[in-house]
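As provided, upload.txt (compact mmCIF, C-alpha atoms (C1' of nucleotides)) reads as follows.
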```txt
# COMPACT_ATOMS: atom_id res chain seq x y z
CA MET Z 1 221.86 100.10 20.68
CA ASP Z 2 218.69 101.82 19.57
CA TRP Z 3 218.26 104.66 17.15
CA ILE Z 4 218.11 107.43 19.74
CA ALA Z 5 221.23 106.22 21.50
CA GLN Z 6 223.03 106.12 18.16
CA VAL Z 7 222.00 109.65 17.35
CA THR Z 8 223.02 110.80 20.83
CA GLU Z 9 226.43 109.30 20.30
CA ARG Z 10 226.92 111.10 17.01
CA LEU Z 11 225.81 114.26 18.68
CA ARG Z 12 228.28 113.96 21.51
CA ALA Z 13 231.04 113.12 19.05
CA THR Z 14 230.67 116.56 17.49
CA GLY Z 15 230.52 118.49 20.75
CA GLY Z 16 226.75 118.60 20.94
CA ARG Z 17 224.56 118.13 24.00
CA MET Z 18 221.56 115.90 24.47
CA THR Z 19 218.65 117.88 25.84
CA SER Z 20 215.15 116.98 26.88
CA GLN Z 21 213.80 118.80 23.82
CA ARG Z 22 216.00 116.90 21.42
CA ARG Z 23 215.16 113.60 23.07
CA LEU Z 24 211.47 114.42 22.80
CA ILE Z 25 211.76 115.35 19.12
CA LEU Z 26 213.71 112.17 18.42
CA GLU Z 27 211.09 110.07 20.19
CA THR Z 28 208.36 111.81 18.26
CA LEU Z 29 210.15 111.12 15.00
CA ALA Z 30 210.71 107.49 15.93
CA GLN Z 31 206.96 107.04 16.24
CA CYS Z 32 206.15 108.62 12.86
CA THR Z 33 205.01 106.38 10.10
CA ASP Z 34 204.46 109.34 7.79
CA HIS Z 35 206.40 112.35 6.53
CA PRO Z 36 205.53 115.17 8.91
CA THR Z 37 206.22 118.86 8.39
CA ALA Z 38 208.15 120.74 11.07
CA GLU Z 39 204.84 122.12 12.30
CA GLU Z 40 203.41 118.60 12.61
CA VAL Z 41 206.43 117.36 14.54
CA TYR Z 42 206.00 120.40 16.75
CA ARG Z 43 202.29 119.74 17.39
CA ARG Z 44 202.87 116.09 18.22
CA ALA Z 45 205.87 116.71 20.45
CA ARG Z 46 204.27 119.62 22.26
CA GLN Z 47 201.59 117.36 23.67
CA ARG Z 48 204.24 116.07 26.04
CA ALA Z 49 206.06 119.35 26.61
CA PRO Z 50 203.82 122.35 26.03
CA ASP Z 51 206.61 124.91 26.17
CA LEU Z 52 208.59 123.37 23.36
CA ASN Z 53 209.28 125.97 20.71
CA LEU Z 54 208.90 125.67 16.96
CA SER Z 55 212.39 127.11 16.43
CA THR Z 56 213.84 124.30 18.44
CA VAL Z 57 212.02 121.80 16.28
CA TYR Z 58 213.40 123.42 13.15
CA ARG Z 59 216.92 123.57 14.55
CA THR Z 60 216.80 119.95 15.62
CA LEU Z 61 215.40 118.78 12.30
CA ARG Z 62 218.05 120.65 10.32
CA TRP Z 63 220.73 119.24 12.52
CA LEU Z 64 219.39 115.70 12.02
CA GLU Z 65 219.30 116.39 8.32
CA GLU Z 66 222.98 117.31 8.35
CA LEU Z 67 223.78 114.14 10.26
CA GLY Z 68 221.97 112.19 7.55
CA VAL Z 69 219.50 110.89 10.12
CA VAL Z 70 216.39 112.35 8.50
CA GLY Z 71 215.67 113.31 4.93
CA SER Z 72 213.62 116.22 3.72
CA GLN Z 73 211.63 116.74 0.58
CA ARG Z 74 208.92 118.90 -0.86
CA PHE Z 75 205.97 117.65 -2.79
CA GLU Z 76 204.01 119.37 -5.52
CA GLY Z 77 200.36 120.15 -5.07
CA GLU Z 78 200.63 121.43 -1.52
CA ARG Z 79 202.00 124.54 0.13
CA PRO Z 80 205.74 124.79 -0.32
CA GLN Z 81 206.99 123.28 2.90
CA ASP Z 82 209.55 120.70 3.86
CA ARG Z 83 208.44 117.25 4.92
CA PHE Z 84 210.82 115.23 7.01
CA ASP Z 85 211.53 111.58 6.54
CA PRO Z 86 212.61 109.65 9.64
CA ALA Z 87 212.99 106.42 7.65
CA ILE Z 88 216.06 107.52 5.75
CA SER Z 89 218.61 105.88 8.03
CA ALA Z 90 216.79 102.56 8.25
CA ASN Z 91 216.15 102.52 4.53
CA PRO Z 92 218.60 104.81 2.75
CA ASP Z 93 217.77 104.17 -0.89
CA HIS Z 94 214.09 104.75 -1.24
CA HIS Z 95 212.01 107.07 -3.34
CA HIS Z 96 208.52 108.49 -2.97
CA PHE Z 97 205.08 108.12 -4.44
CA ARG Z 98 202.44 110.61 -3.37
CA CYS Z 99 198.71 110.12 -3.84
CA ARG Z 100 197.07 113.20 -5.28
CA LEU Z 101 193.83 112.49 -3.42
CA CYS Z 102 194.60 111.11 0.02
CA ASN Z 103 198.17 112.50 0.16
CA THR Z 104 199.53 109.17 1.34
CA ILE Z 105 203.22 108.80 0.69
CA ILE Z 106 204.56 105.40 -0.28
CA GLU Z 107 208.27 104.74 -0.06
CA PHE Z 108 209.61 102.35 -2.62
CA PRO Z 109 213.02 101.02 -3.68
CA ALA Z 110 214.16 101.65 -7.23
CA PRO Z 111 217.26 99.60 -8.00
CA LEU Z 112 216.70 100.18 -11.71
CA LEU Z 113 217.51 103.81 -11.14
CA GLU Z 114 221.16 102.76 -11.27
CA ILE Z 115 220.69 101.94 -14.93
CA LEU Z 116 219.25 105.37 -15.56
CA LYS Z 117 222.25 106.93 -13.84
CA ARG Z 118 224.65 104.88 -15.93
CA ASP Z 119 222.76 105.85 -19.07
CA PHE Z 120 222.97 109.49 -18.15
CA ILE Z 121 226.70 109.35 -17.50
CA ALA Z 122 227.30 107.41 -20.71
CA HIS Z 123 225.64 110.24 -22.64
CA TYR Z 124 226.68 113.35 -20.77
CA GLY Z 125 229.70 112.41 -18.67
CA GLY Z 126 230.10 113.73 -15.14
CA SER Z 127 229.14 111.90 -11.98
CA ILE Z 128 225.93 111.50 -10.00
CA GLU Z 129 225.98 111.88 -6.23
CA SER Z 130 222.31 111.72 -5.39
CA ALA Z 131 218.94 111.40 -7.02
CA SER Z 132 215.40 112.40 -6.19
CA LEU Z 133 212.55 110.51 -7.78
CA ILE Z 134 208.93 111.34 -6.95
CA PHE Z 135 205.88 109.79 -8.55
CA TYR Z 136 202.50 111.54 -8.36
CA GLY Z 137 199.23 109.75 -8.99
CA LEU Z 138 196.46 107.81 -7.30
CA CYS Z 139 197.17 105.15 -4.73
CA GLN Z 140 195.48 101.78 -5.03
CA SER Z 141 192.48 102.56 -2.86
CA CYS Z 142 191.85 106.02 -4.30
CA LEU Z 143 192.07 104.61 -7.80
CA GLN Z 144 189.49 101.97 -6.92
CA LYS Z 145 187.16 104.57 -5.50
CA VAL Z 146 187.46 106.74 -8.59
CA GLU Z 147 186.87 103.76 -10.84
CA SER Z 148 183.85 102.46 -8.95
CA TYR Z 149 182.20 105.89 -8.91
CA GLY Z 150 183.04 106.45 -12.56
CA PRO Z 151 184.37 109.73 -13.87
CA LEU Z 152 182.57 112.87 -12.78
CA SER Z 153 180.67 114.39 -15.68
CA PHE Z 154 180.52 118.13 -15.21
CA ASN Z 155 178.03 119.85 -17.49
CA PRO Z 156 177.24 123.46 -16.52
CA ASP Z 157 174.06 123.45 -18.64
CA ALA Z 158 172.72 120.52 -16.66
CA ILE Z 159 172.79 122.43 -13.39
CA LEU Z 160 169.24 123.23 -12.37
CA ASP Z 161 168.29 126.76 -11.47
CA HIS Z 162 166.74 126.32 -8.04
CA THR Z 163 165.86 130.00 -7.79
CA ARG Z 164 163.04 129.69 -10.30
CA MET D 1 202.99 129.60 -36.28
CA ASP D 2 205.62 130.37 -33.72
CA TRP D 3 205.57 129.69 -30.02
CA ILE D 4 204.41 133.13 -28.93
CA ALA D 5 201.57 133.12 -31.44
CA GLN D 6 200.48 129.72 -30.17
CA VAL D 7 200.49 130.88 -26.59
CA THR D 8 198.58 134.01 -27.58
CA GLU D 9 195.95 131.87 -29.22
CA ARG D 10 195.51 129.72 -26.14
CA LEU D 11 195.28 132.86 -24.09
CA ARG D 12 192.55 134.37 -26.25
CA ALA D 13 190.68 131.08 -26.26
CA THR D 14 190.21 131.39 -22.51
CA GLY D 15 189.17 135.04 -22.51
CA GLY D 16 192.63 136.38 -21.78
CA ARG D 17 194.30 139.42 -23.31
CA MET D 18 197.72 139.76 -24.83
CA THR D 19 199.56 142.68 -23.30
CA SER D 20 202.94 144.24 -23.90
CA GLN D 21 204.14 142.87 -20.58
CA ARG D 22 203.13 139.33 -21.41
CA ARG D 23 204.66 139.54 -24.85
CA LEU D 24 207.88 140.79 -23.34
CA ILE D 25 207.95 137.99 -20.77
CA LEU D 26 207.26 135.41 -23.46
CA GLU D 27 210.05 136.79 -25.63
CA THR D 28 212.39 136.74 -22.66
CA LEU D 29 211.51 133.14 -21.95
CA ALA D 30 211.95 132.17 -25.59
CA GLN D 31 215.54 133.38 -25.42
CA CYS D 32 216.38 131.47 -22.25
CA THR D 33 218.64 128.48 -22.54
CA ASP D 34 218.62 127.98 -18.79
CA HIS D 35 216.08 127.64 -15.97
CA PRO D 36 215.61 131.14 -14.60
CA THR D 37 213.89 132.10 -11.37
CA ALA D 38 211.04 134.61 -11.49
CA GLU D 39 213.48 137.26 -10.30
CA GLU D 40 215.86 136.42 -13.15
CA VAL D 41 213.10 136.60 -15.75
CA TYR D 42 212.16 139.93 -14.21
CA ARG D 43 215.70 141.30 -14.39
CA ARG D 44 216.17 140.24 -17.99
CA ALA D 45 212.80 141.50 -19.15
CA ARG D 46 213.06 144.79 -17.30
CA GLN D 47 216.03 145.79 -19.42
CA ARG D 48 213.54 146.43 -22.20
CA ALA D 49 210.71 147.80 -20.05
CA PRO D 50 211.97 149.30 -16.79
CA ASP D 51 208.53 149.69 -15.23
CA LEU D 52 207.65 146.03 -15.51
CA ASN D 53 206.65 144.71 -12.10
CA LEU D 54 207.75 141.51 -10.41
CA SER D 55 204.13 140.63 -9.58
CA THR D 56 203.31 140.67 -13.25
CA VAL D 57 206.18 138.31 -13.93
CA TYR D 58 204.93 135.93 -11.25
CA ARG D 59 201.36 136.11 -12.49
CA THR D 60 202.42 135.47 -16.06
CA LEU D 61 204.67 132.58 -15.13
CA ARG D 62 201.96 130.93 -13.05
CA TRP D 63 199.52 131.36 -15.87
CA LEU D 64 201.96 129.80 -18.35
CA GLU D 65 202.47 127.00 -15.88
CA GLU D 66 198.74 126.30 -15.82
CA LEU D 67 198.66 126.30 -19.61
CA GLY D 68 201.42 123.70 -19.56
CA VAL D 69 203.71 126.06 -21.45
CA VAL D 70 206.42 126.28 -18.83
CA GLY D 71 207.40 123.88 -16.10
CA SER D 72 208.63 124.74 -12.66
CA GLN D 73 210.86 122.91 -10.26
CA ARG D 74 212.95 123.45 -7.20
CA PHE D 75 216.48 122.18 -6.75
CA GLU D 76 218.25 121.24 -3.57
CA GLY D 77 221.35 123.09 -2.44
CA GLU D 78 220.05 126.55 -3.21
CA ARG D 79 217.50 128.88 -1.64
CA PRO D 80 214.01 127.45 -1.89
CA GLN D 81 212.74 129.12 -5.02
CA ASP D 82 211.00 128.04 -8.17
CA ARG D 83 212.92 127.79 -11.39
CA PHE D 84 210.96 127.95 -14.59
CA ASP D 85 211.54 125.74 -17.58
CA PRO D 86 210.58 127.20 -20.97
CA ALA D 87 211.57 124.00 -22.77
CA ILE D 88 208.71 121.93 -21.47
CA SER D 89 206.42 122.38 -24.47
CA ALA D 90 209.12 121.65 -27.05
CA ASN D 91 210.37 118.68 -25.10
CA PRO D 92 207.67 117.42 -22.70
CA ASP D 93 209.27 114.33 -21.25
CA HIS D 94 212.60 115.41 -19.91
CA HIS D 95 214.19 115.26 -16.52
CA HIS D 96 216.95 117.27 -14.86
CA PHE D 97 220.53 116.91 -13.80
CA ARG D 98 222.03 119.70 -11.74
CA CYS D 99 225.76 120.22 -11.26
CA ARG D 100 226.61 120.87 -7.63
CA LEU D 101 229.54 123.11 -8.59
CA CYS D 102 228.61 125.19 -11.62
CA ASN D 103 224.83 124.81 -11.16
CA THR D 104 224.35 123.95 -14.81
CA ILE D 105 221.14 122.11 -15.47
CA ILE D 106 221.11 119.39 -18.10
CA GLU D 107 217.80 118.17 -19.44
CA PHE D 108 217.74 114.54 -20.43
CA PRO D 109 215.15 112.03 -21.63
CA ALA D 110 214.52 108.96 -19.49
CA PRO D 111 212.39 106.47 -21.42
CA LEU D 112 213.41 103.76 -18.96
CA LEU D 113 211.44 105.57 -16.31
CA GLU D 114 208.38 103.87 -17.79
CA ILE D 115 209.73 100.57 -16.55
CA LEU D 116 210.12 101.99 -13.07
CA LYS D 117 206.54 103.21 -13.18
CA ARG D 118 205.30 99.79 -14.30
CA ASP D 119 207.34 98.15 -11.54
CA PHE D 120 205.85 100.45 -8.97
CA ILE D 121 202.29 99.80 -10.09
CA ALA D 122 202.91 96.06 -10.23
CA HIS D 123 203.94 96.18 -6.56
CA TYR D 124 201.68 98.81 -5.05
CA GLY D 125 198.76 99.24 -7.47
CA GLY D 126 197.35 102.69 -8.19
CA SER D 127 198.24 104.86 -11.15
CA ILE D 128 201.00 107.33 -11.91
CA GLU D 129 200.15 110.66 -13.48
CA SER D 130 203.49 112.43 -13.39
CA ALA D 131 207.03 111.94 -12.23
CA SER D 132 209.87 114.16 -11.17
CA LEU D 133 213.41 112.86 -11.46
CA ILE D 134 216.39 115.01 -10.53
CA PHE D 135 220.01 113.91 -10.48
CA TYR D 136 222.59 115.87 -8.49
CA GLY D 137 226.31 115.56 -9.09
CA LEU D 138 229.19 116.99 -11.08
CA CYS D 139 228.89 117.78 -14.76
CA GLN D 140 231.56 116.58 -17.14
CA SER D 141 233.73 119.67 -17.03
CA CYS D 142 233.51 120.16 -13.26
CA LEU D 143 234.36 116.50 -12.75
CA GLN D 144 237.42 116.90 -14.97
CA LYS D 145 238.56 119.94 -13.06
CA VAL D 146 238.19 118.16 -9.73
CA GLU D 147 240.04 115.13 -11.05
CA SER D 148 242.92 117.09 -12.57
CA TYR D 149 243.45 119.11 -9.41
CA GLY D 150 243.19 116.01 -7.28
CA PRO D 151 241.16 115.85 -4.11
CA LEU D 152 241.69 118.67 -1.65
CA SER D 153 243.52 117.40 1.40
CA PHE D 154 242.49 119.40 4.40
CA ASN D 155 244.75 118.90 7.39
CA PRO D 156 244.35 121.51 10.15
CA ASP D 157 247.72 120.58 11.69
CA ALA D 158 249.45 121.35 8.41
CA ILE D 159 248.32 124.95 8.38
CA LEU D 160 251.30 127.18 9.04
CA ASP D 161 251.09 129.81 11.71
CA HIS D 162 252.03 132.96 9.82
CA THR D 163 251.87 135.08 12.96
CA ARG D 164 255.12 133.70 14.27
C1' DA A 1 229.58 122.57 43.24
C1' DT A 2 231.09 125.49 39.68
C1' DC A 3 232.31 126.91 35.22
C1' DT A 4 232.02 126.83 30.32
C1' DT A 5 229.54 127.07 26.41
C1' DG A 6 225.96 124.72 23.60
C1' DT A 7 220.95 125.18 23.55
C1' DT A 8 216.41 127.17 24.27
C1' DG A 9 212.38 130.36 23.96
C1' DC A 10 210.93 134.42 22.31
C1' DA A 11 210.35 137.93 19.14
C1' DA A 12 211.73 139.88 15.16
C1' DA A 13 213.71 139.33 10.60
C1' DT A 14 213.93 137.00 5.98
C1' DC A 15 212.65 135.93 1.60
C1' DA A 16 210.00 134.02 -2.11
C1' DT A 17 205.57 134.44 -3.45
C1' DT A 18 200.73 136.08 -3.39
C1' DT A 19 196.97 139.36 -3.04
C1' DG A 20 193.80 143.66 -2.64
C1' DC A 21 192.86 147.57 -4.99
C1' DA A 22 192.61 151.63 -7.78
C1' DA A 23 194.33 152.92 -12.24
C1' DT A 24 195.15 151.35 -16.92
C1' DA A 25 194.54 149.43 -21.36
C1' DA A 26 193.03 145.34 -24.45
C1' DA A 27 189.47 143.94 -27.42
C1' DA A 28 184.56 144.01 -28.49
C1' DG A 29 180.59 146.59 -30.13
C1' DG A 30 178.68 150.21 -32.21
C1' DC B 1 187.23 155.77 -34.78
C1' DC B 2 185.21 156.10 -30.27
C1' DT B 3 182.94 154.17 -26.29
C1' DT B 4 182.30 150.27 -23.14
C1' DT B 5 183.56 146.35 -20.71
C1' DT B 6 186.52 144.02 -17.87
C1' DA B 7 191.11 141.66 -17.82
C1' DT B 8 195.50 143.20 -16.40
C1' DT B 9 198.92 146.07 -14.26
C1' DG B 10 201.75 148.43 -10.64
C1' DC B 11 202.14 149.24 -6.11
C1' DA B 12 202.09 148.25 -1.45
C1' DA B 13 200.89 145.31 1.96
C1' DA B 14 200.05 140.55 3.38
C1' DT B 15 201.41 135.75 3.75
C1' DG B 16 203.62 131.80 5.41
C1' DA B 17 207.46 128.80 6.00
C1' DT B 18 211.80 129.16 7.85
C1' DT B 19 215.76 131.47 10.10
C1' DT B 20 218.18 134.33 13.39
C1' DG B 21 219.77 137.55 17.38
C1' DC B 22 219.96 137.50 22.01
C1' DA B 23 219.48 136.99 26.91
C1' DA B 24 218.28 133.28 30.01
C1' DC B 25 219.06 128.53 30.81
C1' DA B 26 221.08 124.02 31.52
C1' DA B 27 224.38 119.99 29.92
C1' DG B 28 228.45 118.08 30.85
C1' DA B 29 233.30 118.85 31.99
C1' DT B 30 236.59 120.22 35.73
```
Could you write out this structure as structure tokens?
Amino acid sequence: MDWIAQVTERLRATGGRMTSQRRLILETLAQCTDHPTAEEVYRRARQRAPDLNLSTVYRTLRWLEELGVVGSQRFEGERPQDRFDPAISANPDHHHFRCRLCNTIIEFPAPLLEILKRDFIAHYGGSIESASLIFYGLCQSCLQKVESYGPLSFNPDAILDHTR
Amino acid sequence: MDWIAQVTERLRATGGRMTSQRRLILETLAQCTDHPTAEEVYRRARQRAPDLNLSTVYRTLRWLEELGVVGSQRFEGERPQDRFDPAISANPDHHHFRCRLCNTIIEFPAPLLEILKRDFIAHYGGSIESASLIFYGLCQSCLQKVESYGPLSFNPDAILDHTR
DNA sequence: ATCTTGTTGCAAATCATTTGCAATAAAAGG
DNA sequence: CCTTTTATTGCAAATGATTTGCAACAAGAT
């Protein structure tokens, strides 16, 4: 059984209905290899159904979030907006790296995080139910570009006055 | 030289001016042991200067953020709003645990995170400039309360009909 | 085929945060 | 100390992502 059928089943199990809009949004999500915003999901899905509404996209995404089918996170250095992560069910325990230049997001596993959790609990007690780890930096290719160009040297005094 | 004097110096160094509002906000932040929202900083500060404006609080907090004097982060499970962290300059490399019940935030060091960063770079290349790690769970005292009460057993059929 | 009720589209509301602008007040210079 | 410059403030309005009320619509059950 594929992903969409599974989600449909969960939906029915809680008294929900499968609609053409929801199916479309699910299919759109299934094709994503990135972490789209609600607006981006909307734009992509609307190509196949121009009267789809942004509210419906939001409602569907929130509902999928509750079902644990998609994740959502916000990243620094961009407008405050949720990005949705369709990969969460296939790959539950991943974290995120975001490139400051090209904005690529890399998902990576972090089994060592368990040690950090144990450390925390050893020191402070309590229990940990979930964790969010985000790295920010330069991805491999952006780092190479920066290195090959060398650092930018900005010297205001060196700027020529072309008006003279 | 105390914290406020240091911040004032940095401010002057960039052509800024120290005002009564900024001093008040700095003093309010210095007394915080928690991670207040802009609104909370505003409420606390306004007790001493009732005509302080929320915009001024925002502008000052953003400016302190740029100076690296305060941090800001958002936590899941509450309205999407920034919380400001006055402890960042005293204690630069800390991460956050947030209790799902009492909302207490615990700051903790995570030196092992360096290993995770090295692991990531070994696998994917690139470079890491910053990291955000947030744990969500129950703090020690909330965990104890939950354990001593035992888990709540919710059984709809067991609810008595008091209308009879 | 019909009924029930979950879902949609639309427009308006929310809510944290930002911004334009005229008035105000630091700090610099005399 | 007093003027001058211009950074900063308070206020109100704008912004922008997200949510919500509601009447029309359409799944899925009977």
Can you build me a table of chain B residues sitting at most 9 Å from region 1-16 of chain A, with the closest atom pair per residue and its distance in Å to one decimal, using only C-alpha atoms (C1' of nucleotides), sorted by chain and residue number, as a tab-separated table?
```
residue	atom	partner	partner_atom	distance
B:DT18	C1'	A:DT14	C1'	8.3
B:DT19	C1'	A:DT14	C1'	7.1
B:DT20	C1'	A:DA13	C1'	7.3
B:DG21	C1'	A:DA12	C1'	8.7
B:DA24	C1'	A:DT8	C1'	8.6
B:DC25	C1'	A:DT8	C1'	7.2
B:DA26	C1'	A:DT7	C1'	8.1
B:DA27	C1'	A:DG6	C1'	8.1
B:DA29	C1'	A:DT4	C1'	8.3
B:DT30	C1'	A:DC3	C1'	8.0
```
Taking 6 positions as the minimum chain separation for residues in the same chain, which residues sit within 10 Å of Cys99 (chain Z) when counting all atoms listed in the file? Answer as a list in words. Ile105, Ile106, Phe135, Tyr136, Gly137, Leu138, Cys139, Gln140, Ser141, Cys142 and Leu143 of chain Z; Gly126, Ser127, Ile128 and Glu129 of chain D
Might you pull out every residue within 10 Å of Met18 (chain D), with all atoms listed in the file counted and same-chain residues fewer than 4 positions away left off, and present them as an mmCIF file with C-alpha atoms (C1' of nucleotides), in the frame of the given file?
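Full text of out-v5.cif as output:
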```cif
data_model
loop_
_atom_site.group_PDB
_atom_site.id
_atom_site.type_symbol
_atom_site.label_atom_id
_atom_site.label_comp_id
_atom_site.auth_asym_id
_atom_site.auth_seq_id
_atom_site.Cartn_x
_atom_site.Cartn_y
_atom_site.Cartn_z
ATOM 1 C CA VAL D 7 200.490 130.880 -26.590
ATOM 2 C CA THR D 8 198.580 134.010 -27.580
ATOM 3 C CA GLU D 9 195.950 131.870 -29.220
ATOM 4 C CA LEU D 11 195.280 132.860 -24.090
ATOM 5 C CA ARG D 12 192.550 134.370 -26.250
ATOM 6 C CA ARG D 22 203.130 139.330 -21.410
ATOM 7 C CA ARG D 23 204.660 139.540 -24.850
ATOM 8 C "C1'" DA A 26 193.030 145.340 -24.450
ATOM 9 C "C1'" DA A 27 189.470 143.940 -27.420
ATOM 10 C "C1'" DA B 7 191.110 141.660 -17.820
ATOM 11 C "C1'" DT B 8 195.500 143.200 -16.400
#
```
Place a sphere of radius 8 Å on (208.7, 126.6, 0.9) in the file coordinates and name every protein, DNA or RNA residue with an atom inside or on its surface, counting all atoms listed in the file; give the answer as a PyMOL selection string. (chain Z and resi 74+79-82) or (chain D and resi 80-81) or (chain B and resi 17)
Mind writing the picked residues with C-alpha atoms (C1' of nucleotides) as a PDB file, keeping the file's coordinate frame?
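Saved result, again38.pdb, follows:
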```pdb
ATOM      1  CA  ARG Z  74     208.920 118.900  -0.860  1.00  0.00           C
ATOM      2  CA  ARG Z  79     202.000 124.540   0.130  1.00  0.00           C
ATOM      3  CA  PRO Z  80     205.740 124.790  -0.320  1.00  0.00           C
ATOM      4  CA  GLN Z  81     206.990 123.280   2.900  1.00  0.00           C
ATOM      5  CA  ASP Z  82     209.550 120.700   3.860  1.00  0.00           C
TER       6      ASP Z  82
ATOM      7  CA  PRO D  80     214.010 127.450  -1.890  1.00  0.00           C
ATOM      8  CA  GLN D  81     212.740 129.120  -5.020  1.00  0.00           C
TER       9      GLN D  81
ATOM     10  C1'  DA B  17     207.460 128.800   6.000  1.00  0.00           C
TER      11       DA B  17
END
```
Show me, as a ChimeraX atom specification, every residue of chain Z with an atom at most 12 Å from chain B, counting all atoms listed in the file. /Z:12,15-21,37-39,54-59,61-62,79-83
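You will find CA of Ser89 (chain D) at 25.2 Å from CA of Arg48 (chain D).
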Could you write region 64-80 of chain D as a PDB file, in the frame of the given file, with N, CA and C atoms rebuilt where they are missing?
```
ATOM      1  N   LEU D  64     201.320 130.679 -17.361  1.00  0.00           N
ATOM      2  CA  LEU D  64     201.960 129.800 -18.350  1.00  0.00           C
ATOM      3  C   LEU D  64     202.116 128.389 -17.807  1.00  0.00           C
ATOM      4  N   GLU D  65     202.342 128.308 -16.510  1.00  0.00           N
ATOM      5  CA  GLU D  65     202.470 127.000 -15.880  1.00  0.00           C
ATOM      6  C   GLU D  65     201.146 126.234 -16.000  1.00  0.00           C
ATOM      7  N   GLU D  66     200.054 126.939 -15.715  1.00  0.00           N
ATOM      8  CA  GLU D  66     198.740 126.300 -15.820  1.00  0.00           C
ATOM      9  C   GLU D  66     198.437 125.861 -17.247  1.00  0.00           C
ATOM     10  N   LEU D  67     198.872 126.664 -18.209  1.00  0.00           N
ATOM     11  CA  LEU D  67     198.660 126.300 -19.610  1.00  0.00           C
ATOM     12  C   LEU D  67     199.558 125.144 -20.028  1.00  0.00           C
ATOM     13  N   GLY D  68     200.499 124.774 -19.185  1.00  0.00           N
ATOM     14  CA  GLY D  68     201.420 123.700 -19.560  1.00  0.00           C
ATOM     15  C   GLY D  68     202.526 124.172 -20.491  1.00  0.00           C
ATOM     16  N   VAL D  69     202.720 125.498 -20.540  1.00  0.00           N
ATOM     17  CA  VAL D  69     203.710 126.060 -21.450  1.00  0.00           C
ATOM     18  C   VAL D  69     205.095 126.112 -20.822  1.00  0.00           C
ATOM     19  N   VAL D  70     205.137 126.355 -19.539  1.00  0.00           N
ATOM     20  CA  VAL D  70     206.420 126.280 -18.830  1.00  0.00           C
ATOM     21  C   VAL D  70     206.280 125.305 -17.658  1.00  0.00           C
ATOM     22  N   GLY D  71     207.376 124.728 -17.281  1.00  0.00           N
ATOM     23  CA  GLY D  71     207.400 123.880 -16.100  1.00  0.00           C
ATOM     24  C   GLY D  71     208.023 124.646 -14.959  1.00  0.00           C
ATOM     25  N   SER D  72     207.905 124.123 -13.761  1.00  0.00           N
ATOM     26  CA  SER D  72     208.630 124.740 -12.660  1.00  0.00           C
ATOM     27  C   SER D  72     209.135 123.642 -11.740  1.00  0.00           C
ATOM     28  N   GLN D  73     210.331 123.857 -11.228  1.00  0.00           N
ATOM     29  CA  GLN D  73     210.860 122.910 -10.260  1.00  0.00           C
ATOM     30  C   GLN D  73     211.803 123.609  -9.306  1.00  0.00           C
ATOM     31  N   ARG D  74     212.018 122.948  -8.189  1.00  0.00           N
ATOM     32  CA  ARG D  74     212.950 123.450  -7.200  1.00  0.00           C
ATOM     33  C   ARG D  74     214.107 122.492  -7.112  1.00  0.00           C
ATOM     34  N   PHE D  75     215.301 123.026  -6.871  1.00  0.00           N
ATOM     35  CA  PHE D  75     216.480 122.180  -6.750  1.00  0.00           C
ATOM     36  C   PHE D  75     217.049 122.310  -5.350  1.00  0.00           C
ATOM     37  N   GLU D  76     217.613 121.220  -4.880  1.00  0.00           N
ATOM     38  CA  GLU D  76     218.250 121.240  -3.570  1.00  0.00           C
ATOM     39  C   GLU D  76     219.558 122.021  -3.642  1.00  0.00           C
ATOM     40  N   GLY D  77     220.052 122.443  -2.492  1.00  0.00           N
ATOM     41  CA  GLY D  77     221.350 123.090  -2.440  1.00  0.00           C
ATOM     42  C   GLY D  77     221.324 124.545  -2.877  1.00  0.00           C
ATOM     43  N   GLU D  78     220.153 125.115  -2.977  1.00  0.00           N
ATOM     44  CA  GLU D  78     220.050 126.550  -3.210  1.00  0.00           C
ATOM     45  C   GLU D  78     218.844 127.022  -2.419  1.00  0.00           C
ATOM     46  N   ARG D  79     218.660 128.352  -2.340  1.00  0.00           N
ATOM     47  CA  ARG D  79     217.500 128.880  -1.640  1.00  0.00           C
ATOM     48  C   ARG D  79     216.234 128.246  -2.198  1.00  0.00           C
ATOM     49  N   PRO D  80     215.236 128.041  -1.368  1.00  0.00           N
ATOM     50  CA  PRO D  80     214.010 127.450  -1.890  1.00  0.00           C
ATOM     51  C   PRO D  80     213.281 128.440  -2.794  1.00  0.00           C
TER      52      PRO D  80
END
```
